[in-house]
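J.: Structure file protein06.cif (mmCIF, C-alpha atoms) right here:
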data_run
loop_
_atom_site.label_atom_id
_atom_site.label_comp_id
_atom_site.auth_asym_id
_atom_site.auth_seq_id
_atom_site.Cartn_x
_atom_site.Cartn_y
_atom_site.Cartn_z
CA MET A 1 -21.53 127.85 159.56
CA SER A 2 -25.05 126.83 160.45
CA ARG A 3 -26.41 126.80 164.00
CA ILE A 4 -28.17 123.52 163.18
CA PHE A 5 -25.90 121.62 160.83
CA LYS A 6 -22.21 121.05 161.52
CA SER A 7 -21.39 122.40 158.07
CA LEU A 8 -23.12 123.34 154.84
CA THR A 9 -21.99 122.30 151.36
CA SER A 10 -22.61 124.02 148.05
CA VAL A 11 -24.71 122.16 145.50
CA GLU A 12 -21.78 121.88 143.10
CA ASN A 13 -19.41 120.52 145.75
CA ALA A 14 -22.04 118.10 147.03
CA LEU A 15 -22.64 116.64 143.57
CA GLU A 16 -18.90 116.34 142.99
CA ARG A 17 -18.38 114.49 146.28
CA PHE A 18 -21.31 112.21 145.53
CA SER A 19 -20.33 111.55 141.93
CA SER A 20 -18.28 108.40 142.55
CA TYR A 21 -21.23 106.74 144.31
CA ILE A 22 -23.62 107.22 141.39
CA PRO A 23 -23.95 104.03 139.30
CA SER A 24 -24.13 104.06 135.52
CA MET A 25 -27.23 102.41 134.08
CA GLU A 26 -26.98 99.48 131.71
CA SER A 27 -28.36 99.78 128.18
CA GLU A 28 -31.20 98.12 126.31
CA GLU A 29 -32.30 98.03 122.69
CA LEU A 30 -35.68 99.54 121.85
CA PRO A 31 -37.73 99.98 118.69
CA LEU A 32 -37.47 103.59 117.55
CA LYS A 33 -41.20 104.11 118.19
CA ASP A 34 -40.58 103.47 121.91
CA ALA A 35 -37.39 105.51 122.23
CA SER A 36 -38.81 109.02 122.56
CA GLY A 37 -37.48 110.75 125.67
CA ARG A 38 -34.79 108.14 126.29
CA ILE A 39 -31.01 108.59 126.42
CA LEU A 40 -28.92 107.21 123.57
CA ARG A 41 -26.20 104.75 124.61
CA GLU A 42 -24.39 104.35 121.31
CA ASP A 43 -22.82 106.57 118.69
CA ILE A 44 -24.93 106.66 115.54
CA TYR A 45 -23.18 106.78 112.17
CA SER A 46 -25.29 107.43 109.12
CA PRO A 47 -25.92 104.26 107.11
CA MET A 48 -26.90 106.29 104.05
CA ASP A 49 -26.75 109.64 102.31
CA ILE A 50 -29.47 112.21 102.91
CA PRO A 51 -30.79 113.06 100.45
CA PRO A 52 -30.17 109.61 98.97
CA PHE A 53 -30.22 111.07 95.44
CA HIS A 54 -29.91 114.45 93.74
CA ARG A 55 -33.33 116.09 94.10
CA ALA A 56 -35.20 119.23 93.20
CA ALA A 57 -35.28 121.96 95.85
CA PHE A 58 -38.11 123.83 94.07
CA ASP A 59 -41.02 123.16 91.76
CA GLY A 60 -39.92 123.98 88.24
CA TYR A 61 -37.99 122.44 85.36
CA ALA A 62 -34.95 120.19 85.40
CA VAL A 63 -32.52 121.45 82.78
CA ARG A 64 -28.96 121.35 81.51
CA SER A 65 -27.62 124.64 82.86
CA VAL A 66 -25.59 125.19 79.69
CA ASP A 67 -28.86 125.39 77.72
CA THR A 68 -30.05 128.35 79.83
CA PHE A 69 -27.05 130.66 79.46
CA GLY A 70 -28.14 134.11 78.34
CA ALA A 71 -31.83 133.54 79.16
CA SER A 72 -33.82 136.51 80.48
CA ARG A 73 -37.38 137.83 80.41
CA ASN A 74 -36.45 139.90 77.36
CA ASN A 75 -34.58 137.02 75.77
CA PRO A 76 -36.27 133.73 76.79
CA ILE A 77 -34.79 130.42 75.73
CA THR A 78 -37.21 127.71 74.61
CA LEU A 79 -36.74 124.08 75.71
CA LYS A 80 -38.79 121.01 74.79
CA VAL A 81 -40.53 119.36 77.79
CA ILE A 82 -40.09 115.59 77.53
CA GLY A 83 -41.82 114.48 80.74
CA VAL A 84 -42.92 115.10 84.32
CA ILE A 85 -41.37 113.82 87.59
CA ARG A 86 -43.17 113.88 90.94
CA PRO A 87 -41.79 112.64 94.27
CA GLY A 88 -41.80 108.85 94.27
CA ASP A 89 -41.93 108.51 90.47
CA GLN A 90 -39.69 105.75 89.12
CA GLU A 91 -39.71 106.60 85.39
CA GLN A 92 -36.25 107.45 84.09
CA TYR A 93 -35.39 110.35 81.79
CA ASP A 94 -32.15 111.25 80.06
CA LEU A 95 -32.10 114.91 79.03
CA GLY A 96 -30.62 115.76 75.70
CA GLU A 97 -29.66 119.14 74.27
CA MET A 98 -32.38 121.84 74.66
CA GLU A 99 -34.69 119.55 76.65
CA ALA A 100 -36.35 119.90 80.06
CA VAL A 101 -38.42 117.84 82.49
CA GLU A 102 -41.18 119.36 84.60
CA ILE A 103 -40.30 118.53 88.21
CA ALA A 104 -41.77 118.88 91.70
CA THR A 105 -39.90 119.63 94.93
CA GLY A 106 -38.30 116.47 96.30
CA ALA A 107 -38.33 114.52 93.04
CA TYR A 108 -35.13 112.92 91.78
CA LEU A 109 -33.01 114.86 89.30
CA PRO A 110 -33.15 113.12 85.90
CA SER A 111 -30.02 111.99 84.14
CA GLY A 112 -28.36 114.71 82.10
CA ALA A 113 -29.86 117.55 84.18
CA ASP A 114 -27.69 119.58 86.54
CA ALA A 115 -29.98 122.44 87.65
CA ILE A 116 -33.57 123.46 88.33
CA VAL A 117 -35.29 126.53 86.91
CA PRO A 118 -38.00 127.55 89.43
CA LEU A 119 -41.53 127.94 88.09
CA GLU A 120 -41.49 131.72 88.56
CA TYR A 121 -38.67 131.95 86.02
CA SER A 122 -40.46 129.89 83.38
CA ARG A 123 -43.45 130.19 81.06
CA ARG A 124 -45.14 127.05 79.68
CA VAL A 125 -46.14 127.09 76.03
CA GLY A 126 -47.72 123.76 75.08
CA GLU A 127 -45.00 121.10 74.81
CA PHE A 128 -42.33 123.73 75.37
CA VAL A 129 -41.20 125.93 78.21
CA GLU A 130 -39.66 129.36 77.95
CA ILE A 131 -36.78 129.88 80.39
CA LEU A 132 -36.73 133.47 81.69
CA LYS A 133 -33.53 133.35 83.76
CA GLN A 134 -30.27 131.50 83.32
CA VAL A 135 -29.13 129.10 86.06
CA SER A 136 -25.69 127.84 86.98
CA PRO A 137 -24.69 124.18 87.49
CA GLY A 138 -26.18 122.81 90.73
CA ALA A 139 -28.69 125.65 91.10
CA ASN A 140 -31.75 124.74 93.17
CA VAL A 141 -30.63 121.13 93.53
CA ASP A 142 -30.20 119.32 96.85
CA ARG A 143 -27.15 117.19 96.13
CA LYS A 144 -26.91 113.57 97.28
CA GLY A 145 -25.44 113.54 100.80
CA SER A 146 -25.54 117.33 101.12
CA ASP A 147 -27.59 117.09 104.34
CA ILE A 148 -26.07 113.96 105.89
CA GLU A 149 -23.16 112.05 104.43
CA LYS A 150 -23.01 108.27 104.69
CA GLY A 151 -20.62 107.11 107.42
CA LYS A 152 -20.63 110.40 109.35
CA LEU A 153 -21.29 110.57 113.10
CA VAL A 154 -24.76 112.07 113.50
CA LEU A 155 -25.67 111.43 117.17
CA GLU A 156 -23.40 110.80 120.15
CA SER A 157 -23.98 108.50 123.08
CA GLY A 158 -25.63 110.49 125.86
CA THR A 159 -27.97 112.38 123.55
CA TYR A 160 -31.55 112.92 124.68
CA LEU A 161 -33.87 111.53 122.02
CA GLY A 162 -36.40 114.26 121.38
CA PRO A 163 -38.65 114.89 118.38
CA PHE A 164 -35.88 116.12 116.09
CA GLU A 165 -33.52 113.26 116.97
CA LEU A 166 -36.32 110.81 116.13
CA LEU A 167 -36.89 112.72 112.90
CA LEU A 168 -33.24 112.18 112.01
CA LEU A 169 -33.12 108.51 112.99
CA SER A 170 -36.30 107.64 111.14
CA SER A 171 -35.06 109.52 108.06
CA LEU A 172 -32.03 107.23 108.15
CA ASN A 173 -34.33 104.18 108.28
CA ILE A 174 -32.92 103.16 111.68
CA THR A 175 -35.49 100.90 113.32
CA HIS A 176 -33.85 100.19 116.70
CA VAL A 177 -31.54 102.10 119.03
CA ARG A 178 -29.62 101.28 122.19
CA VAL A 179 -30.64 103.47 125.12
CA ALA A 180 -29.97 103.68 128.85
CA LYS A 181 -32.32 101.68 131.01
CA LEU A 182 -34.44 103.85 133.25
CA PRO A 183 -33.24 103.64 136.86
CA LYS A 184 -35.63 102.09 139.34
CA ALA A 185 -36.11 104.79 141.97
CA SER A 186 -37.76 103.85 145.27
CA VAL A 187 -39.64 106.69 146.96
CA ILE A 188 -40.16 106.49 150.72
CA SER A 189 -42.14 109.13 152.58
CA THR A 190 -41.56 109.56 156.31
CA GLY A 191 -43.63 111.04 159.11
CA ASN A 192 -46.34 110.12 161.62
CA GLU A 193 -48.48 112.96 160.31
CA LEU A 194 -48.71 111.60 156.74
CA VAL A 195 -51.69 109.78 155.26
CA GLU A 196 -52.26 108.52 151.75
CA LEU A 197 -54.23 110.43 149.15
CA GLY A 198 -57.97 109.92 149.59
CA SER A 199 -57.77 109.21 153.32
CA GLU A 200 -60.06 110.88 155.82
CA LEU A 201 -57.94 113.58 157.45
CA ARG A 202 -57.88 113.77 161.21
CA MET A 203 -56.43 116.45 163.44
CA GLY A 204 -52.72 116.90 162.75
CA GLN A 205 -52.66 114.78 159.59
CA ILE A 206 -51.60 115.87 156.10
CA VAL A 207 -51.68 114.16 152.71
CA ASN A 208 -48.45 112.63 151.43
CA SER A 209 -48.20 115.14 148.58
CA ASN A 210 -44.42 115.31 148.08
CA ALA A 211 -44.45 111.82 146.57
CA TYR A 212 -46.67 113.07 143.73
CA MET A 213 -44.39 116.05 143.06
CA VAL A 214 -41.30 113.83 142.85
CA SER A 215 -43.03 111.25 140.64
CA SER A 216 -44.13 113.96 138.22
CA LEU A 217 -40.70 115.60 138.17
CA LEU A 218 -39.03 112.28 137.35
CA GLN A 219 -41.47 111.29 134.61
CA GLY A 220 -39.47 109.91 131.71
CA LEU A 221 -36.23 109.93 133.73
CA ALA A 222 -36.85 107.04 136.11
CA GLU A 223 -39.19 104.18 136.90
CA VAL A 224 -40.60 105.42 140.21
CA ARG A 225 -41.53 102.77 142.76
CA TYR A 226 -43.50 104.19 145.64
CA ARG A 227 -42.76 102.15 148.77
CA GLY A 228 -45.15 103.82 151.19
CA ILE A 229 -44.93 105.85 154.40
CA ALA A 230 -42.37 105.09 157.09
CA ARG A 231 -43.50 106.10 160.54
CA ASP A 232 -41.21 108.00 162.89
CA ASP A 233 -39.54 104.91 164.29
CA GLU A 234 -36.35 103.26 163.19
CA SER A 235 -37.77 99.80 162.47
CA SER A 236 -40.41 101.17 160.07
CA LEU A 237 -37.85 103.21 158.13
CA LYS A 238 -35.28 100.38 158.10
CA SER A 239 -37.89 97.98 156.74
CA LEU A 240 -38.80 100.18 153.77
CA ILE A 241 -35.18 101.06 153.00
CA SER A 242 -34.25 97.35 153.11
CA GLU A 243 -37.01 96.59 150.59
CA SER A 244 -35.62 99.33 148.34
CA LEU A 245 -31.97 98.25 148.26
CA GLU A 246 -32.67 96.12 145.18
CA ASP A 247 -33.41 99.30 143.22
CA ASP A 248 -30.95 101.72 141.62
CA LEU A 249 -31.75 104.75 143.78
CA ILE A 250 -33.59 105.45 147.04
CA ILE A 251 -35.35 108.76 147.59
CA THR A 252 -36.61 109.58 151.07
CA LEU A 253 -38.97 112.46 151.74
CA ALA A 254 -38.57 114.27 155.10
CA GLY A 255 -36.70 113.02 158.15
CA THR A 256 -33.39 114.64 157.15
CA SER A 257 -33.18 117.62 159.48
CA VAL A 258 -31.77 117.50 163.04
CA GLY A 259 -34.85 116.92 165.20
CA LYS A 260 -35.47 113.81 167.30
CA LYS A 261 -37.83 112.44 164.66
CA ASP A 262 -35.42 113.06 161.78
CA LEU A 263 -34.19 109.48 161.59
CA VAL A 264 -32.90 109.07 158.03
CA PRO A 265 -29.20 109.92 158.75
CA LYS A 266 -29.08 107.64 161.79
CA VAL A 267 -30.85 104.74 160.08
CA VAL A 268 -28.50 105.00 157.08
CA GLU A 269 -25.47 104.66 159.35
CA ASP A 270 -27.07 101.93 161.47
CA MET A 271 -27.61 99.93 158.28
CA GLY A 272 -23.91 100.18 157.45
CA GLY A 273 -24.35 103.08 155.07
CA ARG A 274 -22.33 106.25 154.75
CA VAL A 275 -23.53 109.85 154.82
CA ILE A 276 -21.62 111.75 152.14
CA VAL A 277 -23.27 115.18 152.47
CA HIS A 278 -25.77 116.42 155.04
CA GLY A 279 -26.81 120.05 154.71
CA LEU A 280 -26.64 122.26 151.62
CA SER A 281 -25.92 125.99 151.54
CA ILE A 282 -29.24 126.73 149.85
CA MET A 283 -32.48 128.20 151.09
CA PRO A 284 -34.92 126.53 150.92
CA GLY A 285 -33.51 123.00 150.74
CA LYS A 286 -30.83 123.06 153.44
CA PRO A 287 -31.70 119.67 155.10
CA THR A 288 -30.77 117.65 151.99
CA LEU A 289 -28.93 114.38 152.51
CA LEU A 290 -26.70 112.42 150.12
CA ALA A 291 -25.75 108.95 151.30
CA VAL A 292 -24.99 105.43 150.11
CA ILE A 293 -25.92 102.02 151.53
CA GLY A 294 -23.86 99.26 149.98
CA LYS A 295 -23.90 100.19 146.31
CA THR A 296 -27.27 101.97 146.41
CA PRO A 297 -27.24 105.78 146.52
CA LEU A 298 -29.81 107.47 148.72
CA ILE A 299 -31.02 111.04 148.37
CA GLY A 300 -32.90 112.44 151.33
CA LEU A 301 -35.10 115.36 150.33
CA PRO A 302 -36.44 117.76 152.97
CA GLY A 303 -40.04 117.38 154.06
CA MET A 304 -41.22 120.92 153.43
CA PRO A 305 -42.70 121.02 149.89
CA VAL A 306 -40.80 124.04 148.55
CA SER A 307 -37.53 122.75 150.05
CA ALA A 308 -38.16 119.33 148.52
CA SER A 309 -38.92 120.90 145.15
CA VAL A 310 -35.75 123.00 145.07
CA SER A 311 -33.57 120.08 146.20
CA ALA A 312 -35.18 117.77 143.63
CA ILE A 313 -34.42 120.26 140.85
CA GLU A 314 -30.86 121.02 141.96
CA VAL A 315 -29.72 117.61 143.24
CA LEU A 316 -32.04 114.73 142.37
CA ILE A 317 -32.34 115.44 138.64
CA PRO A 318 -28.56 115.91 138.12
CA VAL A 319 -27.91 112.61 139.95
CA ILE A 320 -30.34 110.72 137.72
CA ALA A 321 -28.90 112.48 134.66
CA LYS A 322 -25.47 111.10 135.57
CA MET A 323 -26.93 107.62 136.04
CA LEU A 324 -28.38 107.84 132.53
CA GLY A 325 -25.16 109.21 131.03
CA ILE A 326 -26.79 112.36 129.68
CA LYS A 327 -24.38 114.75 128.00
CA GLY A 328 -24.65 118.27 129.39
CA LYS A 329 -27.16 119.33 132.03
CA ILE A 330 -30.87 120.07 132.11
CA VAL A 331 -31.79 123.51 130.80
CA TRP A 332 -34.63 125.43 132.41
CA PRO A 333 -36.10 128.37 130.50
CA GLU A 334 -34.87 131.72 131.77
CA VAL A 335 -35.91 135.31 131.15
CA ARG A 336 -34.56 138.69 132.19
CA ALA A 337 -37.02 140.68 134.29
CA LYS A 338 -37.07 143.89 136.33
CA LEU A 339 -37.68 143.45 140.05
CA LEU A 340 -40.69 145.28 141.46
CA ARG A 341 -39.54 144.76 145.05
CA ARG A 342 -36.24 144.31 146.82
CA ILE A 343 -34.98 140.78 147.53
CA ALA A 344 -32.98 140.30 150.71
CA SER A 345 -30.59 137.39 151.25
CA ARG A 346 -27.97 136.13 153.68
CA PRO A 347 -24.37 135.90 152.46
CA GLY A 348 -22.97 132.40 152.21
CA VAL A 349 -26.33 130.85 151.31
CA ARG A 350 -27.83 130.52 147.83
CA HIS A 351 -31.44 131.74 147.96
CA TYR A 352 -34.26 130.59 145.67
CA VAL A 353 -36.88 133.35 145.70
CA ARG A 354 -40.29 132.64 144.21
CA VAL A 355 -41.48 135.35 141.81
CA LYS A 356 -44.52 136.06 139.67
CA LEU A 357 -43.87 137.26 136.11
CA SER A 358 -46.02 139.81 134.30
CA LYS A 359 -45.71 142.58 131.71
CA ASP A 360 -45.69 146.31 132.35
CA ASN A 361 -45.74 148.46 129.21
CA GLY A 362 -44.24 145.61 127.24
CA GLU A 363 -41.46 144.98 129.78
CA ILE A 364 -41.25 141.71 131.72
CA VAL A 365 -41.30 142.37 135.48
CA ALA A 366 -40.90 140.03 138.46
CA THR A 367 -42.82 140.39 141.72
CA PRO A 368 -41.40 138.43 144.69
CA ILE A 369 -44.10 136.38 146.41
CA ARG A 370 -44.51 137.69 149.97
CA ILE A 371 -44.22 134.23 151.49
CA SER A 372 -40.90 132.95 152.76
CA GLY A 373 -41.97 129.66 154.35
CA SER A 374 -40.65 126.51 152.70
CA GLY A 375 -43.91 124.71 153.41
CA ILE A 376 -46.22 127.12 151.57
CA ILE A 377 -47.41 125.03 148.63
CA SER A 378 -49.55 127.82 147.18
CA SER A 379 -46.43 129.94 146.65
CA LEU A 380 -45.24 127.49 143.99
CA ILE A 381 -48.53 127.89 142.15
CA LYS A 382 -48.72 131.68 142.50
CA ALA A 383 -45.12 132.06 141.32
CA ASP A 384 -43.77 131.28 137.85
CA GLY A 385 -40.13 130.74 138.71
CA PHE A 386 -37.17 131.42 140.97
CA VAL A 387 -34.74 134.28 141.19
CA ILE A 388 -31.55 132.60 142.35
CA VAL A 389 -29.42 134.83 144.57
CA PRO A 390 -25.83 133.48 144.66
CA GLU A 391 -23.96 132.91 147.91
CA ASP A 392 -21.72 135.95 147.39
CA VAL A 393 -24.54 138.42 146.64
CA GLU A 394 -26.40 140.34 149.38
CA GLY A 395 -29.78 140.51 147.68
CA TYR A 396 -31.11 142.48 144.71
CA GLU A 397 -32.57 145.97 144.73
CA GLU A 398 -35.95 147.11 143.43
CA GLY A 399 -35.70 148.01 139.76
CA GLN A 400 -32.67 145.78 139.20
CA GLU A 401 -32.74 143.42 136.23
CA VAL A 402 -32.46 139.78 137.27
CA GLN A 403 -32.47 136.34 135.69
CA VAL A 404 -35.59 134.26 136.42
CA LEU A 405 -35.52 130.45 136.17
CA ILE A 406 -38.98 129.41 134.94
CA TYR A 407 -40.37 126.14 136.24
CA LYS A 408 -43.82 126.39 134.66
CA ARG A 409 -44.41 124.83 131.24
CA TRP A 410 -46.69 127.57 129.89
CA LEU A 411 -46.85 131.25 130.79
CA ASP A 412 -49.49 133.86 130.03
CA LEU A 413 -47.26 136.87 129.38
#
How does the structure come out when it is put into structure tokens?
T.:
Amino acid sequence: MSRIFKSLTSVENALERFSSYIPSMESEELPLKDASGRILREDIYSPMDIPPFHRAAFDGYAVRSVDTFGASRNNPITLKVIGVIRPGDQEQYDLGEMEAVEIATGAYLPSGADAIVPLEYSRRVGEFVEILKQVSPGANVDRKGSDIEKGKLVLESGTYLGPFELLLLSSLNITHVRVAKLPKASVISTGNELVELGSELRMGQIVNSNAYMVSSLLQGLAEVRYRGIARDDESSLKSLISESLEDDLIITLAGTSVGKKDLVPKVVEDMGGRVIVHGLSIMPGKPTLLAVIGKTPLIGLPGMPVSASVSAIEVLIPVIAKMLGIKGKIVWPEVRAKLLRRIASRPGVRHYVRVKLSKDNGEIVATPIRISGSGIISSLIKADGFVIVPEDVEGYEEGQEVQVLIYKRWLDL
């Protein structure tokens, strides 16, 4: 039980309780060239076989396998070469007894042939080729449909369309796909102390930086609509929230704790909304709020930058993933590392400890950043990831091997 919040909820329980209030996005059809990074909203069945014809898997000679039986380097078998086939060639050949066609990788298998003799097992002699190794039927041939069979399910609805999914779809000559529309996410910053980027800073003022962090984190997942800064009065906050109700999701930054100026919970209820969860059993990130006004979900992130970052990773992204219908959950890179200092934690609260990764004699080690404040922005830059200490664990000891969740894209290890 917290001394500040009436109760604290685990991340998993909070998302479960909030699940029924999360809307599902409609779909739209896009050209494949515009679909990278989007979420598929239809099952894709292959309209064709891949490969679409029997083709050579190696450079060499297309042969009738029966003509190569008994061939070896000491006992080569001589075949007459009747032509050459390169990828894209249209000329047709029909192999007869003791004949071969020179062939390149990817070219269609000529009629009558049932195997490929790789170049290294052949020796060209004018219009003939000596076969130095026998091959069996189907050897070194990619059979029609052996990769993808026509009519088979190849991608399921909810699949993230990355580079390899686009490789598949384009190989199948699919020009358009149906994907989830990106949710329109309104971002509202709160606080008398905030000013916009580029402003002249006066005593007590800080730049509205959390909005840039959230916008970057949601790139490709949502259409972010920045609504501005709400001052610490109810009418200012109500006005910006009212403007945002037309969107699919509202994200407020700060104003979710229990101080006199933390107005988001009260304003939500005054506007006829409902607070579903207020207070998570995580540190940092405790003052997170999950609410709904009408049919519009609202996620209130804490104002301190590290708290906001942790809550955005653990709550905001999963909520948007559910809106998009993504199968599975986001995967952050993780590594095992040895702790160079002890990590303390309080039972009943999940701790996110910032650590710096390095190598010591070829072993990956993690050094906890000696900064515990949730407002220390530099700690996120100095660190490479989080060690997550579960609620039922009382810290980790120096020298213990731990799992590190990496939030940086590139590491110099």
J.: Please report the interatomic distance between atom CA of A:Leu218 and atom CA of A:Ser36 in Å with one decimal.
T.: 15.1 Å
J.: Work out how far apart atom CA of A:Ile317 and atom CA of A:Ala185 are and give it in Å to one decimal.
T.: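 Interatomic distance here is 11.8 Å.
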J.: Measuring between all atoms listed in the file, which one of A:Leu316, A:Val117, A:Val125, A:Val214 shows the shortest distance to A:Val81?
T.: A:Val125
J.: Determine the residue membership of the PyMOL selection byres ((chain A and resi 268) around 12) for the file above and supply it as a PDB file with C-alpha atoms, in the frame of the given file.
T.:
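Output file expr-v4.pdb follows:
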ATOM      1  CA  GLU A 234     -36.350 103.260 163.190  1.00  0.00           C
ATOM      2  CA  SER A 235     -37.770  99.800 162.470  1.00  0.00           C
ATOM      3  CA  LEU A 237     -37.850 103.210 158.130  1.00  0.00           C
ATOM      4  CA  LYS A 238     -35.280 100.380 158.100  1.00  0.00           C
ATOM      5  CA  SER A 239     -37.890  97.980 156.740  1.00  0.00           C
ATOM      6  CA  LEU A 240     -38.800 100.180 153.770  1.00  0.00           C
ATOM      7  CA  ILE A 241     -35.180 101.060 153.000  1.00  0.00           C
ATOM      8  CA  SER A 242     -34.250  97.350 153.110  1.00  0.00           C
ATOM      9  CA  LEU A 245     -31.970  98.250 148.260  1.00  0.00           C
ATOM     10  CA  ILE A 250     -33.590 105.450 147.040  1.00  0.00           C
ATOM     11  CA  THR A 252     -36.610 109.580 151.070  1.00  0.00           C
ATOM     12  CA  GLY A 255     -36.700 113.020 158.150  1.00  0.00           C
ATOM     13  CA  THR A 256     -33.390 114.640 157.150  1.00  0.00           C
ATOM     14  CA  ASP A 262     -35.420 113.060 161.780  1.00  0.00           C
ATOM     15  CA  LEU A 263     -34.190 109.480 161.590  1.00  0.00           C
ATOM     16  CA  VAL A 264     -32.900 109.070 158.030  1.00  0.00           C
ATOM     17  CA  PRO A 265     -29.200 109.920 158.750  1.00  0.00           C
ATOM     18  CA  LYS A 266     -29.080 107.640 161.790  1.00  0.00           C
ATOM     19  CA  VAL A 267     -30.850 104.740 160.080  1.00  0.00           C
ATOM     20  CA  GLU A 269     -25.470 104.660 159.350  1.00  0.00           C
ATOM     21  CA  ASP A 270     -27.070 101.930 161.470  1.00  0.00           C
ATOM     22  CA  MET A 271     -27.610  99.930 158.280  1.00  0.00           C
ATOM     23  CA  GLY A 272     -23.910 100.180 157.450  1.00  0.00           C
ATOM     24  CA  GLY A 273     -24.350 103.080 155.070  1.00  0.00           C
ATOM     25  CA  ARG A 274     -22.330 106.250 154.750  1.00  0.00           C
ATOM     26  CA  VAL A 275     -23.530 109.850 154.820  1.00  0.00           C
ATOM     27  CA  ILE A 276     -21.620 111.750 152.140  1.00  0.00           C
ATOM     28  CA  HIS A 278     -25.770 116.420 155.040  1.00  0.00           C
ATOM     29  CA  LEU A 289     -28.930 114.380 152.510  1.00  0.00           C
ATOM     30  CA  LEU A 290     -26.700 112.420 150.120  1.00  0.00           C
ATOM     31  CA  ALA A 291     -25.750 108.950 151.300  1.00  0.00           C
ATOM     32  CA  VAL A 292     -24.990 105.430 150.110  1.00  0.00           C
ATOM     33  CA  ILE A 293     -25.920 102.020 151.530  1.00  0.00           C
ATOM     34  CA  GLY A 294     -23.860  99.260 149.980  1.00  0.00           C
ATOM     35  CA  THR A 296     -27.270 101.970 146.410  1.00  0.00           C
ATOM     36  CA  PRO A 297     -27.240 105.780 146.520  1.00  0.00           C
ATOM     37  CA  LEU A 298     -29.810 107.470 148.720  1.00  0.00           C
ATOM     38  CA  ILE A 299     -31.020 111.040 148.370  1.00  0.00           C
ATOM     39  CA  GLY A 300     -32.900 112.440 151.330  1.00  0.00           C
TER      40      GLY A 300
END
J.: So which one's closest to A:Ile131, A:Leu79, A:Leu172, A:Val101, A:Met25? Using only C-alpha atoms, please.
T.: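 Among the listed residues, A:Leu79 lies closest to A:Ile131.
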J.: How would you write, as a list in words, the residues chosen by the PyMOL selection byres ((chain A and resi 62-77) around 6) on this structure?
T.: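 Residues picked by the PyMOL selection byres ((chain A and resi 62-77) around 6): Tyr61, Thr78, Met98, Ala100, Val101, Ala113, Asp114, Ala115, Ile116, Glu130, Ile131, Leu132, Lys133, Gln134, Val135, Ser136 and Pro137 of chain A.
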J.: Under the PyMOL selection byres ((chain A and resi 155) around 6), which residues of this model are included? Write them out as a CSV table (one decimal) with C-alpha atoms, in the frame of the given file.
T.:
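Listing of selection31.csv after writing:
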chain,number,residue,atom,x,y,z
A,43,ASP,CA,-22.8,106.6,118.7
A,44,ILE,CA,-24.9,106.7,115.5
A,154,VAL,CA,-24.8,112.1,113.5
A,156,GLU,CA,-23.4,110.8,120.2
J.: May I have the residues within 10 Å of stretch 347-358 of chain A as a PyMOL selection string, using all atoms listed in the file and disregarding those fewer than 6 positions away in the same chain?
T.: chain A and resi 1+8-11+280-286+306-307+310+335+337-340+364-372+379-395+404-406+411-413
J.: Would you mind putting back N, CA and C atoms on stretch 170-180 of chain A, then writing it out as a compact mmCIF listing (two decimals), keeping the file's coordinate frame?
T.:
# COMPACT_ATOMS: atom_id res chain seq x y z
N SER A 170 -35.33 108.26 112.04
CA SER A 170 -36.30 107.64 111.14
C SER A 170 -35.99 107.96 109.69
N SER A 171 -35.46 109.17 109.43
CA SER A 171 -35.06 109.52 108.06
C SER A 171 -33.94 108.60 107.57
N LEU A 172 -33.13 108.13 108.50
CA LEU A 172 -32.03 107.23 108.15
C LEU A 172 -32.47 105.77 108.14
N ASN A 173 -33.76 105.54 108.32
CA ASN A 173 -34.33 104.18 108.28
C ASN A 173 -33.77 103.29 109.39
N ILE A 174 -33.42 103.92 110.52
CA ILE A 174 -32.92 103.16 111.68
C ILE A 174 -34.12 102.73 112.51
N THR A 175 -34.29 101.43 112.67
CA THR A 175 -35.49 100.90 113.32
C THR A 175 -35.33 100.68 114.82
N HIS A 176 -34.10 100.45 115.29
CA HIS A 176 -33.85 100.19 116.70
C HIS A 176 -32.65 100.99 117.18
N VAL A 177 -32.68 101.38 118.44
CA VAL A 177 -31.54 102.10 119.03
C VAL A 177 -31.26 101.55 120.42
N ARG A 178 -30.00 101.71 120.84
CA ARG A 178 -29.62 101.28 122.19
C ARG A 178 -29.67 102.49 123.11
N VAL A 179 -30.43 102.36 124.19
CA VAL A 179 -30.64 103.47 125.12
C VAL A 179 -30.33 103.02 126.54
N ALA A 180 -30.18 104.00 127.44
CA ALA A 180 -29.97 103.68 128.85
C ALA A 180 -31.26 103.18 129.47
